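Trainee: The following block contains the structure, expressed as structure tokens.
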Amino acid sequence: MVDVSGKPHTERTAVAAATVKMKPETLELISQGNNKKGDVRSVAQIAGIMAAKRTAEIIPLCHPLPLSKLSVELELDSELPGLRISALAKTTGQTGVEMEALTAASAAALTVYDMLKSADRAMEIGNIRLLSKEGGKSRRFEAT
């Protein structure tokens, strides 16, 4: 792991995103609440939060962080068609929370796939990326 012991403790925030493209009929299952496995958005939201809290166990050399905030939002998008996922992670510490936000978005997307695979095996997970980060030496990053 990288030695961060000399870095100051600062507030750090990161926002990551992902998408899950699917058939319009599959999206309809979510919006109508008719999926066999239950409420897709709620389960994926919890899965993303749980995964972010365990990022250091999943990603080698990633520092374990005391997270002060985690949120995962899933938005229906008929234009995609599918779901747009946004994950926010926050801490006060010596290293950033980009990996936690990215892990949350990824795990939420994988959970959506798992919950809907019986209806649509052709779903496509994509666009996993960091949207923004604040704090630390490099200060602010905003994706274009």
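Residues are named by chain letter and number: chains run A, B, ... in the order of the structure tokens, numbers start at 1 in each chain, and ligands are numbered from 1 in the order shown.
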Skipping near chain neighbours, those fewer than 3 positions away, what residues fall within 9 Å of A:Asn35 using only C-alpha atoms, listed as number ranges by chain?
Mentor: A: 26, 29-30, 32, 38-40, 115-116, 119
Trainee: Could you give me the residues within chain A that DSSP places in strand (DSSP E), as a tab-separated table (two decimals) with all heavy atoms, in the first residue's frame?
Mentor:
```
chain	number	residue	atom	x	y	z
A	10	THR	N	-8.18	15.38	5.49
A	10	THR	CA	-9.07	16.37	4.87
A	10	THR	C	-10.38	15.67	4.51
A	10	THR	O	-10.42	14.45	4.39
A	10	THR	CB	-8.46	16.99	3.60
A	10	THR	OG1	-8.20	15.97	2.65
A	10	THR	CG2	-7.18	17.75	3.91
A	11	GLU	N	-11.41	16.48	4.32
A	11	GLU	CA	-12.68	15.93	3.88
A	11	GLU	C	-12.54	15.55	2.41
A	11	GLU	O	-12.03	16.32	1.60
A	11	GLU	CB	-13.80	16.95	4.05
A	11	GLU	CG	-15.16	16.35	3.75
A	11	GLU	CD	-16.29	17.29	4.09
A	11	GLU	OE1	-16.57	17.48	5.29
A	11	GLU	OE2	-16.89	17.84	3.15
A	12	ARG	N	-12.98	14.35	2.07
A	12	ARG	CA	-12.86	13.84	0.71
A	12	ARG	C	-14.19	13.27	0.26
A	12	ARG	O	-14.86	12.57	1.02
A	12	ARG	CB	-11.77	12.77	0.65
A	12	ARG	CG	-10.39	13.37	0.95
A	12	ARG	CD	-9.42	12.30	1.41
A	12	ARG	NE	-8.15	12.86	1.84
A	12	ARG	CZ	-7.10	13.02	1.05
A	12	ARG	NH1	-7.15	12.69	-0.22
A	12	ARG	NH2	-5.98	13.51	1.55
A	13	THR	N	-14.55	13.57	-0.97
A	13	THR	CA	-15.81	13.12	-1.55
A	13	THR	C	-15.56	12.64	-2.96
A	13	THR	O	-14.74	13.20	-3.68
A	13	THR	CB	-16.82	14.29	-1.60
A	13	THR	OG1	-16.96	14.84	-0.30
A	13	THR	CG2	-18.18	13.83	-2.10
A	14	ALA	N	-16.26	11.59	-3.36
A	14	ALA	CA	-16.18	11.10	-4.74
A	14	ALA	C	-17.57	10.67	-5.19
A	14	ALA	O	-18.36	10.14	-4.41
A	14	ALA	CB	-15.21	9.93	-4.84
A	15	VAL	N	-17.84	10.90	-6.47
A	15	VAL	CA	-19.09	10.47	-7.09
A	15	VAL	C	-18.73	9.64	-8.32
A	15	VAL	O	-17.92	10.07	-9.15
A	15	VAL	CB	-19.97	11.67	-7.50
A	15	VAL	CG1	-21.25	11.19	-8.18
A	15	VAL	CG2	-20.29	12.54	-6.29
A	16	ALA	N	-19.32	8.45	-8.40
A	16	ALA	CA	-19.09	7.56	-9.54
A	16	ALA	C	-20.43	7.20	-10.16
A	16	ALA	O	-21.49	7.37	-9.54
A	16	ALA	CB	-18.37	6.30	-9.09
A	17	ALA	N	-20.37	6.68	-11.39
A	17	ALA	CA	-21.59	6.34	-12.10
A	17	ALA	C	-21.43	5.03	-12.85
A	17	ALA	O	-20.31	4.58	-13.11
A	17	ALA	CB	-21.96	7.45	-13.07
A	18	ALA	N	-22.57	4.45	-13.20
A	18	ALA	CA	-22.62	3.27	-14.06
A	18	ALA	C	-23.99	3.26	-14.72
A	18	ALA	O	-24.92	3.94	-14.27
A	18	ALA	CB	-22.44	1.99	-13.23
A	19	THR	N	-24.10	2.49	-15.80
A	19	THR	CA	-25.40	2.31	-16.44
A	19	THR	C	-25.64	0.82	-16.65
A	19	THR	O	-24.71	0.02	-16.73
A	19	THR	CB	-25.48	3.01	-17.83
A	19	THR	OG1	-24.45	2.48	-18.67
A	19	THR	CG2	-25.35	4.50	-17.71
A	20	VAL	N	-26.91	0.47	-16.70
A	20	VAL	CA	-27.32	-0.88	-17.08
A	20	VAL	C	-28.36	-0.73	-18.17
A	20	VAL	O	-29.47	-0.26	-17.91
A	20	VAL	CB	-27.90	-1.69	-15.89
A	20	VAL	CG1	-28.22	-3.12	-16.33
A	20	VAL	CG2	-26.95	-1.69	-14.70
A	21	LYS	N	-27.96	-1.08	-19.39
A	21	LYS	CA	-28.90	-1.04	-20.52
A	21	LYS	C	-29.67	-2.34	-20.55
A	21	LYS	O	-29.13	-3.41	-20.27
A	21	LYS	CB	-28.15	-0.87	-21.84
A	21	LYS	CG	-27.55	0.48	-22.04
A	21	LYS	CD	-26.90	0.55	-23.42
A	21	LYS	CE	-26.22	1.86	-23.64
A	21	LYS	NZ	-25.57	1.91	-24.98
A	67	LEU	N	-15.84	5.45	6.43
A	67	LEU	CA	-16.73	6.24	5.58
A	67	LEU	C	-17.77	6.97	6.42
A	67	LEU	O	-18.39	6.39	7.30
A	67	LEU	CB	-17.41	5.32	4.56
A	67	LEU	CG	-16.44	4.64	3.60
A	67	LEU	CD1	-17.13	3.53	2.83
A	67	LEU	CD2	-15.82	5.64	2.67
A	68	SER	N	-17.95	8.25	6.13
A	68	SER	CA	-18.93	9.03	6.87
A	68	SER	C	-20.26	9.14	6.12
A	68	SER	O	-21.29	9.43	6.72
A	68	SER	CB	-18.38	10.43	7.15
A	68	SER	OG	-17.98	11.06	5.96
A	69	LYS	N	-20.23	8.88	4.80
A	69	LYS	CA	-21.48	8.90	4.03
A	69	LYS	C	-21.31	8.01	2.80
A	69	LYS	O	-20.27	8.01	2.16
A	69	LYS	CB	-21.83	10.31	3.57
A	69	LYS	CG	-23.11	10.36	2.77
A	69	LYS	CD	-23.56	11.74	2.43
A	69	LYS	CE	-24.88	11.65	1.67
A	69	LYS	NZ	-25.49	12.93	1.46
A	70	LEU	N	-22.37	7.28	2.51
A	70	LEU	CA	-22.47	6.48	1.28
A	70	LEU	C	-23.89	6.59	0.80
A	70	LEU	O	-24.83	6.37	1.56
A	70	LEU	CB	-22.18	5.01	1.56
A	70	LEU	CG	-20.73	4.57	1.59
A	70	LEU	CD1	-20.64	3.16	2.13
A	70	LEU	CD2	-20.12	4.65	0.22
A	71	SER	N	-24.06	6.92	-0.46
A	71	SER	CA	-25.41	6.90	-1.02
A	71	SER	C	-25.33	6.35	-2.44
A	71	SER	O	-24.38	6.59	-3.16
A	71	SER	CB	-26.06	8.28	-1.00
A	71	SER	OG	-25.37	9.17	-1.85
A	72	VAL	N	-26.35	5.59	-2.78
A	72	VAL	CA	-26.46	5.00	-4.12
A	72	VAL	C	-27.85	5.30	-4.63
A	72	VAL	O	-28.84	4.99	-3.97
A	72	VAL	CB	-26.20	3.48	-4.09
A	72	VAL	CG1	-26.38	2.88	-5.48
A	72	VAL	CG2	-24.82	3.16	-3.53
A	73	GLU	N	-27.92	5.92	-5.80
A	73	GLU	CA	-29.20	6.27	-6.41
A	73	GLU	C	-29.32	5.55	-7.75
A	73	GLU	O	-28.35	5.49	-8.51
A	73	GLU	CB	-29.30	7.78	-6.63
A	73	GLU	CG	-29.12	8.61	-5.36
A	73	GLU	CD	-30.19	8.38	-4.32
A	73	GLU	OE1	-31.35	8.12	-4.70
A	73	GLU	OE2	-29.87	8.44	-3.13
A	74	LEU	N	-30.50	5.02	-8.03
A	74	LEU	CA	-30.77	4.35	-9.30
A	74	LEU	C	-31.95	5.04	-9.97
A	74	LEU	O	-33.04	5.11	-9.38
A	74	LEU	CB	-31.08	2.87	-9.08
A	74	LEU	CG	-29.88	2.05	-8.61
A	74	LEU	CD1	-29.83	1.97	-7.11
A	74	LEU	CD2	-29.90	0.68	-9.22
A	75	GLU	N	-31.72	5.55	-11.17
A	75	GLU	CA	-32.75	6.30	-11.88
A	75	GLU	C	-33.15	5.56	-13.15
A	75	GLU	O	-32.31	5.14	-13.94
A	75	GLU	CB	-32.17	7.68	-12.25
A	75	GLU	CG	-33.08	8.56	-13.04
A	75	GLU	CD	-32.36	9.84	-13.50
A	75	GLU	OE1	-31.37	10.23	-12.89
A	75	GLU	OE2	-32.83	10.40	-14.50
A	76	LEU	N	-34.46	5.39	-13.32
A	76	LEU	CA	-34.99	4.80	-14.55
A	76	LEU	C	-34.79	5.76	-15.71
A	76	LEU	O	-35.01	6.96	-15.57
A	76	LEU	CB	-36.49	4.52	-14.40
A	76	LEU	CG	-36.93	3.57	-13.29
A	76	LEU	CD1	-38.44	3.58	-13.16
A	76	LEU	CD2	-36.43	2.18	-13.55
A	77	ASP	N	-34.35	5.23	-16.84
A	77	ASP	CA	-34.13	6.06	-18.02
A	77	ASP	C	-34.67	5.33	-19.25
A	77	ASP	O	-34.05	4.39	-19.74
A	77	ASP	CB	-32.64	6.37	-18.18
A	77	ASP	CG	-32.35	7.29	-19.34
A	77	ASP	OD1	-33.21	7.50	-20.22
A	77	ASP	OD2	-31.23	7.82	-19.39
A	82	GLY	N	-32.88	1.74	-19.57
A	82	GLY	CA	-32.22	1.06	-18.46
A	82	GLY	C	-32.15	1.93	-17.23
A	82	GLY	O	-33.00	2.80	-17.02
A	83	LEU	N	-31.12	1.69	-16.43
A	83	LEU	CA	-30.92	2.41	-15.18
A	83	LEU	C	-29.62	3.19	-15.22
A	83	LEU	O	-28.60	2.71	-15.72
A	83	LEU	CB	-30.87	1.44	-14.01
A	83	LEU	CG	-32.14	0.72	-13.64
A	83	LEU	CD1	-31.88	-0.33	-12.58
A	83	LEU	CD2	-33.18	1.70	-13.14
A	84	ARG	N	-29.66	4.39	-14.66
A	84	ARG	CA	-28.45	5.18	-14.42
A	84	ARG	C	-28.18	5.13	-12.93
A	84	ARG	O	-29.07	5.41	-12.13
A	84	ARG	CB	-28.64	6.62	-14.89
A	84	ARG	CG	-28.80	6.71	-16.39
A	84	ARG	CD	-28.70	8.14	-16.90
A	84	ARG	NE	-28.87	8.15	-18.33
A	84	ARG	CZ	-27.91	7.89	-19.21
A	84	ARG	NH1	-26.70	7.61	-18.78
A	84	ARG	NH2	-28.15	7.91	-20.51
A	85	ILE	N	-26.97	4.76	-12.59
A	85	ILE	CA	-26.59	4.58	-11.19
A	85	ILE	C	-25.59	5.65	-10.81
A	85	ILE	O	-24.64	5.92	-11.55
A	85	ILE	CB	-25.98	3.18	-10.97
A	85	ILE	CG1	-27.01	2.10	-11.35
A	85	ILE	CG2	-25.50	3.02	-9.52
A	85	ILE	CD1	-26.43	0.71	-11.47
A	86	SER	N	-25.79	6.25	-9.64
A	86	SER	CA	-24.87	7.24	-9.11
A	86	SER	C	-24.53	6.86	-7.67
A	86	SER	O	-25.43	6.51	-6.90
A	86	SER	CB	-25.52	8.63	-9.14
A	86	SER	OG	-24.70	9.58	-8.51
A	87	ALA	N	-23.24	6.89	-7.34
A	87	ALA	CA	-22.81	6.55	-5.98
A	87	ALA	C	-21.92	7.66	-5.43
A	87	ALA	O	-21.01	8.13	-6.12
A	87	ALA	CB	-22.04	5.23	-6.00
A	88	LEU	N	-22.20	8.08	-4.22
A	88	LEU	CA	-21.43	9.11	-3.55
A	88	LEU	C	-20.80	8.51	-2.30
A	88	LEU	O	-21.49	7.83	-1.52
A	88	LEU	CB	-22.32	10.28	-3.15
A	88	LEU	CG	-21.63	11.39	-2.39
A	88	LEU	CD1	-22.08	12.74	-2.90
A	88	LEU	CD2	-21.88	11.29	-0.90
A	89	ALA	N	-19.50	8.74	-2.12
A	89	ALA	CA	-18.79	8.30	-0.92
A	89	ALA	C	-18.08	9.50	-0.31
A	89	ALA	O	-17.57	10.36	-1.02
A	89	ALA	CB	-17.77	7.21	-1.27
A	90	LYS	N	-18.06	9.52	1.03
A	90	LYS	CA	-17.46	10.65	1.75
A	90	LYS	C	-16.70	10.14	2.96
A	90	LYS	O	-17.14	9.20	3.63
A	90	LYS	CB	-18.59	11.58	2.19
A	90	LYS	CG	-18.20	12.99	2.48
A	90	LYS	CD	-19.47	13.79	2.81
A	90	LYS	CE	-19.31	15.18	2.32
A	90	LYS	NZ	-20.46	16.02	2.64
A	91	THR	N	-15.57	10.79	3.25
A	91	THR	CA	-14.79	10.49	4.45
A	91	THR	C	-13.96	11.70	4.82
A	91	THR	O	-13.82	12.64	4.04
A	91	THR	CB	-13.85	9.27	4.23
A	91	THR	OG1	-13.31	8.85	5.48
A	91	THR	CG2	-12.69	9.60	3.29
A	92	THR	N	-13.40	11.68	6.00
A	92	THR	CA	-12.34	12.60	6.38
A	92	THR	C	-11.14	11.72	6.66
A	92	THR	O	-11.19	10.86	7.54
A	92	THR	CB	-12.72	13.43	7.63
A	92	THR	OG1	-13.90	14.17	7.32
A	92	THR	CG2	-11.60	14.37	8.02
A	93	GLY	N	-10.11	11.89	5.86
A	93	GLY	CA	-8.96	11.01	6.00
A	93	GLY	C	-7.77	11.47	5.18
A	93	GLY	O	-7.72	12.60	4.71
A	124	GLU	N	-26.59	-4.90	-20.53
A	124	GLU	CA	-25.22	-4.44	-20.70
A	124	GLU	C	-24.85	-3.46	-19.59
A	124	GLU	O	-25.47	-2.40	-19.46
A	124	GLU	CB	-25.10	-3.76	-22.06
A	124	GLU	CG	-23.73	-3.26	-22.39
A	124	GLU	CD	-23.71	-2.54	-23.72
A	124	GLU	OE1	-24.30	-3.05	-24.70
A	124	GLU	OE2	-23.12	-1.44	-23.78
A	125	ILE	N	-23.85	-3.82	-18.81
A	125	ILE	CA	-23.33	-2.93	-17.77
A	125	ILE	C	-22.22	-2.10	-18.41
A	125	ILE	O	-21.35	-2.64	-19.08
A	125	ILE	CB	-22.79	-3.74	-16.58
A	125	ILE	CG1	-23.93	-4.49	-15.90
A	125	ILE	CG2	-22.06	-2.83	-15.59
A	125	ILE	CD1	-23.48	-5.50	-14.87
A	126	GLY	N	-22.25	-0.80	-18.18
A	126	GLY	CA	-21.22	0.03	-18.80
A	126	GLY	C	-21.09	1.39	-18.16
A	126	GLY	O	-21.74	1.71	-17.17
A	127	ASN	N	-20.25	2.19	-18.79
A	127	ASN	CA	-20.03	3.59	-18.39
A	127	ASN	C	-19.68	3.73	-16.92
A	127	ASN	O	-20.07	4.72	-16.28
A	127	ASN	CB	-21.25	4.45	-18.73
A	127	ASN	CG	-21.57	4.42	-20.19
A	127	ASN	OD1	-20.69	4.57	-21.03
A	127	ASN	ND2	-22.82	4.17	-20.53
A	128	ILE	N	-18.95	2.77	-16.37
A	128	ILE	CA	-18.50	2.88	-14.99
A	128	ILE	C	-17.35	3.87	-14.97
A	128	ILE	O	-16.33	3.66	-15.64
A	128	ILE	CB	-18.06	1.51	-14.43
A	128	ILE	CG1	-19.24	0.53	-14.46
A	128	ILE	CG2	-17.51	1.67	-13.01
A	128	ILE	CD1	-18.86	-0.90	-14.18
A	129	ARG	N	-17.55	4.97	-14.23
A	129	ARG	CA	-16.52	6.00	-14.23
A	129	ARG	C	-16.66	6.94	-13.05
A	129	ARG	O	-17.73	7.05	-12.45
A	129	ARG	CB	-16.54	6.78	-15.53
A	129	ARG	CG	-17.78	7.62	-15.72
A	129	ARG	CD	-17.85	8.19	-17.13
A	129	ARG	NE	-18.80	9.28	-17.19
A	129	ARG	CZ	-18.51	10.50	-17.63
A	129	ARG	NH1	-17.31	10.79	-18.05
A	129	ARG	NH2	-19.44	11.43	-17.66
A	130	LEU	N	-15.56	7.61	-12.77
A	130	LEU	CA	-15.54	8.63	-11.74
A	130	LEU	C	-16.09	9.91	-12.34
A	130	LEU	O	-15.61	10.37	-13.38
A	130	LEU	CB	-14.11	8.85	-11.23
A	130	LEU	CG	-13.95	9.85	-10.11
A	130	LEU	CD1	-14.62	9.35	-8.83
A	130	LEU	CD2	-12.47	10.13	-9.86
A	131	LEU	N	-17.10	10.49	-11.70
A	131	LEU	CA	-17.68	11.75	-12.18
A	131	LEU	C	-16.99	12.95	-11.55
A	131	LEU	O	-16.76	13.97	-12.20
A	131	LEU	CB	-19.18	11.81	-11.90
A	131	LEU	CG	-20.05	10.78	-12.61
A	131	LEU	CD1	-21.50	10.95	-12.19
A	131	LEU	CD2	-19.89	10.89	-14.12
A	132	SER	N	-16.69	12.83	-10.24
A	132	SER	CA	-16.03	13.94	-9.56
A	132	SER	C	-15.38	13.45	-8.28
A	132	SER	O	-15.73	12.41	-7.75
A	132	SER	CB	-17.04	15.05	-9.23
A	132	SER	OG	-17.99	14.59	-8.29
A	133	LYS	N	-14.42	14.24	-7.82
A	133	LYS	CA	-13.80	14.01	-6.52
A	133	LYS	C	-13.34	15.34	-5.97
A	133	LYS	O	-13.01	16.25	-6.72
A	133	LYS	CB	-12.65	13.01	-6.58
A	133	LYS	CG	-11.49	13.47	-7.38
A	133	LYS	CD	-10.08	13.32	-6.90
A	133	LYS	CE	-9.55	13.37	-5.60
A	133	LYS	NZ	-8.72	14.35	-5.09
A	134	GLU	N	-13.36	15.43	-4.65
A	134	GLU	CA	-12.90	16.64	-3.96
A	134	GLU	C	-12.05	16.24	-2.78
A	134	GLU	O	-12.25	15.18	-2.19
A	134	GLU	CB	-14.08	17.46	-3.46
A	134	GLU	CG	-14.81	18.20	-4.54
A	134	GLU	CD	-15.83	19.18	-3.95
A	134	GLU	OE1	-15.43	20.02	-3.12
A	134	GLU	OE2	-17.00	19.07	-4.31
A	141	PHE	N	-11.65	17.26	-9.02
A	141	PHE	CA	-11.67	16.69	-10.36
A	141	PHE	C	-13.11	16.61	-10.79
A	141	PHE	O	-13.98	16.20	-10.03
A	141	PHE	CB	-11.06	15.27	-10.35
A	141	PHE	CG	-11.40	14.50	-11.59
A	141	PHE	CD1	-10.71	14.70	-12.78
A	141	PHE	CD2	-12.44	13.58	-11.59
A	141	PHE	CE1	-11.04	14.00	-13.93
A	141	PHE	CE2	-12.78	12.86	-12.73
A	141	PHE	CZ	-12.08	13.08	-13.90
A	142	GLU	N	-13.37	17.01	-12.01
A	142	GLU	CA	-14.71	16.95	-12.59
A	142	GLU	C	-14.58	16.32	-13.97
A	142	GLU	O	-13.86	16.84	-14.82
A	142	GLU	CB	-15.28	18.37	-12.70
A	142	GLU	CG	-16.74	18.46	-12.96
A	142	GLU	CD	-17.58	18.26	-11.72
A	142	GLU	OE1	-17.20	18.71	-10.63
A	142	GLU	OE2	-18.65	17.65	-11.86
```
Trainee: Can you check which residues of stretch 6-121 of chain A DSSP gives as helix (DSSP H, G or I) on the backbone and send them as a VMD selection string?
Mentor: chain A and resid 24 to 32 40 to 53 55 to 58 98 to 116
Trainee: Go through A:Asp3, A:Thr103, A:Arg139, A:Thr111 one by one, measure the shortest atom-to-atom distance of each to A:Glu57 using only C-alpha atoms, and give the residue with the smallest value.
Mentor: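 The closest residue to A:Glu57 is A:Thr103.
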Trainee: Quick check, in Å to one decimal: how far apart do atom CA of A:Ala107 and atom CA of A:Ile59 lie?
Mentor: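 Value for the atom CA of A:Ala107-atom CA of A:Ile59 distance: 12.9 Å.
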Trainee: Considering only C-alpha atoms, return as a list of chain:residue names whatever protein or nucleic-acid residues lie within 6 Å of A:Ala104, sequence-local ones (same chain, fewer than 5 positions apart) excluded.
Mentor: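 Listed by chain and then number, they are A:Gly48, A:Ile49, A:Ala51, A:Ala52.
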Trainee: Please determine, counting only C-alpha atoms, which residue among A:Glu79, A:Asp120, A:Glu98, A:Glu28 has the shortest atom-to-atom distance to A:Cys62.
Mentor: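 Smallest separation from A:Cys62 among the options: A:Glu98.
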Trainee: Can you measure atom CA of A:Leu61 to atom CA of A:Ala44 for me? One decimal in Å is fine.
Mentor: 25.8 Å
Trainee: Go through A:Pro66, A:Ser138, A:Arg41, A:Ile58 one by one, measure the shortest atom-to-atom distance of each to A:Leu27 using only C-alpha atoms, and give the residue with the smallest value.
Mentor: A:Arg41
